[in-house]
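Heads up, input-v4.pdb below (PDB, C-alpha atoms):
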ATOM      1  CA  MET I 246      12.486  20.237  11.729
ATOM      2  CA  MET I 247       8.825  19.309  12.096
ATOM      3  CA  GLU I 248       7.966  15.611  12.005
ATOM      4  CA  ILE I 249       4.627  14.626  10.488
ATOM      5  CA  ILE I 250       3.268  11.149  11.076
ATOM      6  CA  PHE I 251       0.549   9.703   8.874
ATOM      7  CA  GLN I 252      -1.547   6.632   9.483
ATOM      8  CA  LEU I 253      -1.824   5.220   5.976
ATOM      9  CA  TYR I 254      -4.062   2.245   6.604
ATOM     10  CA  PHE I 255      -4.916  -0.152   3.822
ATOM     11  CA  PHE I 256      -6.726  -3.465   3.620
ATOM     12  CA  SER I 257      -7.777  -6.077   1.089
ATOM     13  CA  CYS I 258     -11.397  -5.452   0.091
ATOM     14  CA  SER I 259     -14.303  -3.314   1.332
ATOM     15  CA  ASN I 260     -18.013  -4.029   1.232
ATOM     16  CA  GLY I 261     -18.211  -1.407  -1.533
ATOM     17  CA  GLN I 262     -17.496   1.480   0.802
ATOM     18  CA  THR I 263     -14.643   2.125   3.218
ATOM     19  CA  VAL I 264     -15.075   2.883   6.931
ATOM     20  CA  ASN I 265     -14.467   6.104   8.873
ATOM     21  CA  SER I 266     -11.411   5.601  11.086
ATOM     22  CA  GLU I 267     -13.402   6.266  14.257
ATOM     23  CA  ASP I 268     -15.894   3.525  13.358
ATOM     24  CA  TYR I 269     -13.199   0.838  13.638
ATOM     25  CA  PHE I 270     -10.213   2.287  15.509
ATOM     26  CA  SER I 271     -10.373   4.691  18.423
ATOM     27  CA  GLY I 272     -10.143   8.309  17.352
ATOM     28  CA  GLU I 273     -11.023  10.280  14.277
ATOM     29  CA  VAL I 274      -8.435  10.850  11.566
ATOM     30  CA  ALA I 275      -9.495  13.628   9.179
ATOM     31  CA  TYR I 276      -8.238  11.986   5.968
ATOM     32  CA  LEU I 277      -9.509   8.470   6.826
ATOM     33  CA  LYS I 278     -13.158   8.927   5.898
ATOM     34  CA  SER I 279     -15.595   6.568   4.243
ATOM     35  CA  VAL I 280     -15.475   6.636   0.429
ATOM     36  CA  ASP I 281     -16.985   4.660  -2.421
ATOM     37  CA  SER I 282     -15.054   1.547  -3.436
ATOM     38  CA  HIS I 283     -17.514  -0.180  -5.767
ATOM     39  CA  TRP I 284     -14.732  -1.981  -7.653
ATOM     40  CA  ASP I 285     -14.152  -4.419  -4.787
ATOM     41  CA  GLU I 286     -17.107  -6.756  -5.236
ATOM     42  CA  GLU I 287     -16.409  -7.260  -8.929
ATOM     43  CA  LEU I 288     -12.675  -7.925  -8.540
ATOM     44  CA  ASP I 289     -12.444 -10.017  -5.352
ATOM     45  CA  LYS I 290     -13.440 -13.646  -5.961
ATOM     46  CA  ASN I 291     -13.742 -14.104  -2.175
ATOM     47  CA  PHE I 292     -15.915 -11.013  -1.640
ATOM     48  CA  ILE I 293     -18.594 -13.052   0.161
ATOM     49  CA  GLN I 294     -17.514 -15.663   2.710
ATOM     50  CA  THR I 295     -19.506 -17.714   5.191
ATOM     51  CA  LYS I 296     -18.476 -19.267   8.463
ATOM     52  CA  THR I 297     -20.734 -21.436  10.632
ATOM     53  CA  PHE I 298     -20.409 -21.910  14.394
ATOM     54  CA  SER I 299     -22.373 -24.370  16.481
ATOM     55  CA  LYS I 300     -23.947 -23.040  19.661
ATOM     56  CA  SER I 301     -21.398 -24.998  21.686
ATOM     57  CA  GLU I 302     -18.470 -23.504  19.696
ATOM     58  CA  LEU I 303     -19.791 -20.004  20.349
ATOM     59  CA  ALA I 304     -20.420 -20.813  24.022
ATOM     60  CA  SER I 305     -16.769 -21.792  24.296
ATOM     61  CA  LEU I 306     -15.572 -18.622  22.538
ATOM     62  CA  PHE I 307     -17.784 -16.321  24.636
ATOM     63  CA  ASN I 308     -17.295 -18.325  27.859
ATOM     64  CA  GLU I 309     -21.046 -18.579  28.425
ATOM     65  CA  THR I 310     -24.109 -20.350  27.075
ATOM     66  CA  LEU I 311     -25.369 -18.481  24.051
ATOM     67  CA  ASN I 312     -29.056 -17.528  24.282
ATOM     68  CA  ASN I 313     -29.213 -14.585  21.918
ATOM     69  CA  MET I 314     -27.028 -12.836  19.355
ATOM     70  CA  THR I 315     -28.394  -9.769  17.585
ATOM     71  CA  ILE I 316     -26.828  -7.032  15.468
ATOM     72  CA  THR I 317     -28.099  -3.775  16.977
ATOM     73  CA  ALA I 318     -26.365  -1.038  14.951
ATOM     74  CA  TYR I 319     -24.441  -0.443  11.738
ATOM     75  CA  THR I 320     -21.987   2.263  10.695
ATOM     76  CA  ASP I 321     -23.041   4.646   7.929
ATOM     77  CA  SER I 322     -20.992   2.534   5.516
ATOM     78  CA  GLY I 323     -22.802  -0.697   6.413
ATOM     79  CA  TYR I 324     -20.320  -2.365   8.744
ATOM     80  CA  VAL I 325     -21.516  -3.822  12.043
ATOM     81  CA  LYS I 326     -21.192  -1.289  14.839
ATOM     82  CA  SER I 327     -22.623  -3.308  17.730
ATOM     83  CA  VAL I 328     -23.891  -6.788  18.569
ATOM     84  CA  ILE I 329     -25.665  -7.934  21.704
ATOM     85  CA  VAL I 330     -24.695 -11.406  22.883
ATOM     86  CA  ASN I 331     -27.022 -12.410  25.697
ATOM     87  CA  ASP I 332     -26.927  -9.165  27.708
ATOM     88  CA  LYS I 333     -23.450  -7.929  26.758
ATOM     89  CA  THR I 334     -22.703  -5.486  23.931
ATOM     90  CA  TYR I 335     -19.721  -6.068  21.619
ATOM     91  CA  THR I 336     -18.406  -3.957  18.754
ATOM     92  CA  GLY I 337     -18.366  -5.378  15.247
ATOM     93  CA  ARG I 338     -14.573  -5.313  15.471
ATOM     94  CA  GLU I 339     -14.620  -7.388  18.676
ATOM     95  CA  ILE I 340     -16.890 -10.004  17.075
ATOM     96  CA  ARG I 341     -14.754 -10.051  13.906
ATOM     97  CA  GLU I 342     -11.572 -10.603  15.898
ATOM     98  CA  LEU I 343     -13.039 -13.114  18.370
ATOM     99  CA  LEU I 344     -14.526 -15.258  15.569
ATOM    100  CA  SER I 345     -11.726 -14.627  13.031
ATOM    101  CA  LEU I 346     -14.208 -13.291  10.479
ATOM    102  CA  ALA I 347     -12.948 -11.804   7.225
ATOM    103  CA  SER I 348     -14.670  -8.470   7.824
ATOM    104  CA  SER I 349     -16.768  -6.545  10.322
ATOM    105  CA  CYS I 350     -19.376  -6.188   7.569
ATOM    106  CA  PHE I 351     -21.410  -9.304   8.292
ATOM    107  CA  SER I 352     -24.849 -10.742   8.750
ATOM    108  CA  ILE I 353     -25.897 -13.452  11.210
ATOM    109  CA  GLU I 354     -28.415 -16.196  10.537
ATOM    110  CA  LEU I 355     -29.463 -18.964  12.904
ATOM    111  CA  ASN I 356     -30.262 -22.287  11.243
ATOM    112  CA  GLN I 357     -30.212 -25.983  12.197
ATOM    113  CA  ASP I 358     -26.393 -26.073  11.962
ATOM    114  CA  GLY I 359     -25.867 -23.073  14.232
ATOM    115  CA  TYR I 360     -25.046 -19.440  13.621
ATOM    116  CA  VAL I 361     -23.995 -18.619  10.061
ATOM    117  CA  PHE I 362     -21.916 -15.462   9.601
ATOM    118  CA  THR I 363     -21.762 -14.085   6.074
ATOM    119  CA  THR I 364     -19.041 -11.487   5.542
ATOM    120  CA  TYR I 365     -18.643  -8.963   2.736
ATOM    121  CA  GLY I 366     -15.133  -7.834   1.874
ATOM    122  CA  SER I 367     -11.960  -8.603   3.786
ATOM    123  CA  GLY I 368     -10.034  -6.540   6.300
ATOM    124  CA  HIS I 369     -10.786  -3.647   8.644
ATOM    125  CA  GLY I 370     -12.115  -1.350   5.914
ATOM    126  CA  VAL I 371     -10.181   1.794   6.934
ATOM    127  CA  GLY I 372      -8.097   3.672   4.366
ATOM    128  CA  MET I 373      -7.264   2.258   0.950
ATOM    129  CA  SER I 374      -8.838  -0.880  -0.429
ATOM    130  CA  GLN I 375      -6.287  -2.849  -2.435
ATOM    131  CA  TYR I 376      -8.965  -4.252  -4.754
ATOM    132  CA  GLY I 377     -10.475  -0.786  -5.093
ATOM    133  CA  ALA I 378      -7.091   0.702  -5.974
ATOM    134  CA  GLN I 379      -6.642  -2.042  -8.579
ATOM    135  CA  GLY I 380     -10.088  -1.269 -10.008
ATOM    136  CA  MET I 381      -9.264   2.424 -10.257
ATOM    137  CA  ALA I 382      -5.921   1.640 -11.934
ATOM    138  CA  LEU I 383      -7.674  -0.622 -14.462
ATOM    139  CA  GLU I 384      -9.963   2.315 -15.295
ATOM    140  CA  GLY I 385      -6.914   4.517 -15.975
ATOM    141  CA  TYR I 386      -6.576   6.435 -12.714
ATOM    142  CA  ASN I 387      -2.994   7.253 -11.706
ATOM    143  CA  TYR I 388      -1.458   6.731  -8.279
ATOM    144  CA  GLN I 389      -2.162  10.319  -7.213
ATOM    145  CA  ASP I 390      -5.849  10.003  -8.120
ATOM    146  CA  ILE I 391      -6.045   6.732  -6.196
ATOM    147  CA  LEU I 392      -4.297   8.087  -3.084
ATOM    148  CA  LYS I 393      -6.418  11.246  -3.065
ATOM    149  CA  HIS I 394      -9.592   9.163  -3.396
ATOM    150  CA  TYR I 395      -8.859   6.879  -0.447
ATOM    151  CA  TYR I 396      -7.075   9.454   1.724
ATOM    152  CA  GLN I 397      -9.418  12.458   1.672
ATOM    153  CA  ASN I 398      -8.175  16.063   1.397
ATOM    154  CA  ILE I 399      -4.486  15.194   1.244
ATOM    155  CA  GLU I 400      -1.811  16.988  -0.721
ATOM    156  CA  ILE I 401       0.971  15.071  -2.445
ATOM    157  CA  LYS I 402       4.302  16.886  -2.601
ATOM    158  CA  SER I 403       7.874  16.041  -3.461
ATOM    159  CA  ILE I 404      10.360  16.631  -0.670
ATOM    160  CA  ASP I 405      14.083  17.135  -0.883
ATOM    161  CA  LEU I 406      16.089  15.117   1.581
TER     162      LEU I 406
END

Taking this structure as input, can you express it in the form of structure tokens?
Amino acid sequence: MMEIIFQLYFFSCSNGQTVNSEDYFSGEVAYLKSVDSHWDEELDKNFIQTKTFSKSELASLFNETLNNMTITAYTDSGYVKSVIVNDKTYTGREIRELLSLASSCFSIELNQDGYVFTTYGSGHGVGMSQYGAQGMALEGYNYQDILKHYYQNIEIKSIDL
């Protein structure tokens, strides 16, 4: 008997588009591709969140004095791909996890209080958005439509056990 293992990732809320698996996790998964999820922003009351860090808080988290922090690249779906902190490059995922940000879709602004991170959506962004699935259901889509939207080019079959 052949065993098939699927990685059915899901998360809370996208930035309006999901992320290709390889843009967040290591390795490409054919059915985990970026898709539209425009329902998220309308349905999630916490779609936009901000978190402020003083320079000393960031220095403690990065174990060095912070001189510069710049987003240098984005994924095709608008999530942060890379950030340079001083002279070291981090992925958007690494920054999200280190700073406990809601999402790796974020912007950075420096003001008198420190660095302000504004995030859009919540979660890693790979696979099915729970708010997006709810939005599709509210528009009358059935579970098969929803699964086929978020997990590209899949086939849903009944199996006898």

Radius query 12 Å about (-3.6, 14.4, 11.4), atoms used: only C-alpha atoms, as a PDB file with C-alpha atoms, keeping the file's coordinate frame:
ATOM      1  CA  GLU I 248       7.966  15.611  12.005  1.00  0.00           C
ATOM      2  CA  ILE I 249       4.627  14.626  10.488  1.00  0.00           C
ATOM      3  CA  ILE I 250       3.268  11.149  11.076  1.00  0.00           C
ATOM      4  CA  PHE I 251       0.549   9.703   8.874  1.00  0.00           C
ATOM      5  CA  GLN I 252      -1.547   6.632   9.483  1.00  0.00           C
ATOM      6  CA  LEU I 253      -1.824   5.220   5.976  1.00  0.00           C
ATOM      7  CA  SER I 266     -11.411   5.601  11.086  1.00  0.00           C
ATOM      8  CA  GLY I 272     -10.143   8.309  17.352  1.00  0.00           C
ATOM      9  CA  GLU I 273     -11.023  10.280  14.277  1.00  0.00           C
ATOM     10  CA  VAL I 274      -8.435  10.850  11.566  1.00  0.00           C
ATOM     11  CA  ALA I 275      -9.495  13.628   9.179  1.00  0.00           C
ATOM     12  CA  TYR I 276      -8.238  11.986   5.968  1.00  0.00           C
ATOM     13  CA  LEU I 277      -9.509   8.470   6.826  1.00  0.00           C
ATOM     14  CA  TYR I 396      -7.075   9.454   1.724  1.00  0.00           C
ATOM     15  CA  GLN I 397      -9.418  12.458   1.672  1.00  0.00           C
ATOM     16  CA  ASN I 398      -8.175  16.063   1.397  1.00  0.00           C
ATOM     17  CA  ILE I 399      -4.486  15.194   1.244  1.00  0.00           C
TER      18      ILE I 399
END

**Prompt:** Which residue, I:Tyr319, I:Phe307, I:Tyr365, I:Tyr335, has the smallest gap to Asn260 of chain I when you use all atoms listed in the file?
**Reply:**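 Closest to Asn260 of chain I, using all atoms listed in the file: I:Tyr365.
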
**Prompt:** Which of these residues is nearest to Thr295 of chain I, using only C-alpha atoms: I:Thr320, I:Tyr360, I:Leu343, I:Met381?
**Reply:**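 Ranking I:Thr320, I:Tyr360, I:Leu343, I:Met381 by distance to Thr295 of chain I, first place goes to I:Tyr360.
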
**Request:** Run the PyMOL selection byres ((chain I and resi 312) around 8) against the file shown and list the residues it catches, as a count of residues only.
**Result:** 6

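Using only C-alpha atoms for every distance, the candidate list I:Leu344, I:Val325, I:Met373, I:Ala378 yields I:Leu344 as the residue closest to Glu302 of chain I.
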
Around all of segment 315-326 of chain I's listed atoms, make the axis-aligned box with 8 Å on each side and tell me centre and edge lengths in Å to one decimal, as AutoDock Vina command-line options.
--center_x -24.4 --center_y -2.6 --center_z 11.6 --size_x 24.1 --size_y 30.4 --size_z 28.1

**Prompt:** When distances are computed from all atoms listed in the file, which of I:Ile293, I:Val264, I:Leu303, I:Ile316 shows the smallest separation from Val280 of chain I?
**Reply:**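 Closest candidate: I:Val264.
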
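Atom pair atom CA of Asn387 of chain I / atom CA of Leu406 of chain I has a distance of 24.5 Å (rounded to one decimal).
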
**Prompt:** Smallest atom-to-atom distance to Thr315 of chain I: which of I:Ile353, I:Ala382, I:Ala347, I:Val371, using all atoms listed in the file?
**Reply:**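 Among the listed residues, the smallest separation from Thr315 of chain I belongs to I:Ile353.
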
**Message:** What would the selection look like, as a PyMOL selection string, if the PyMOL selection byres ((chain I and resi 321) around 10) were run on the coordinates I just shared?
**Reply:** chain I and resi 262-265+268+279+318-320+322-326

**Message:** Between atom CA of Glu286 of chain I and atom CA of Phe270 of chain I, what is the distance in Å, rounded to a tenth?
**Reply:** 23.7 Å

**Item:** Atom-to-atom span, atom CA of Lys402 of chain I and atom CA of Gln389 of chain I, Å
**Value:** 10.3 Å

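Nearest residue to Cys350 of chain I among I:Asn291, I:Ser305, I:Ser374, I:Ser259 is I:Ser259, counting only C-alpha atoms.
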
**Request:** For the point (-15.6, -18.7, 7.0) in the file's frame, write as a PyMOL selection string all residues with an atom no more than 10 Å away, counting only C-alpha atoms.
**Result:** chain I and resi 293-298+344-347+361-364

**Asked** Mind telling me what the PyMOL selection byres ((chain I and resi 367) around 6) catches here, as a ChimeraX atom specification?
**Response** /I:257-258,347-348,366,368
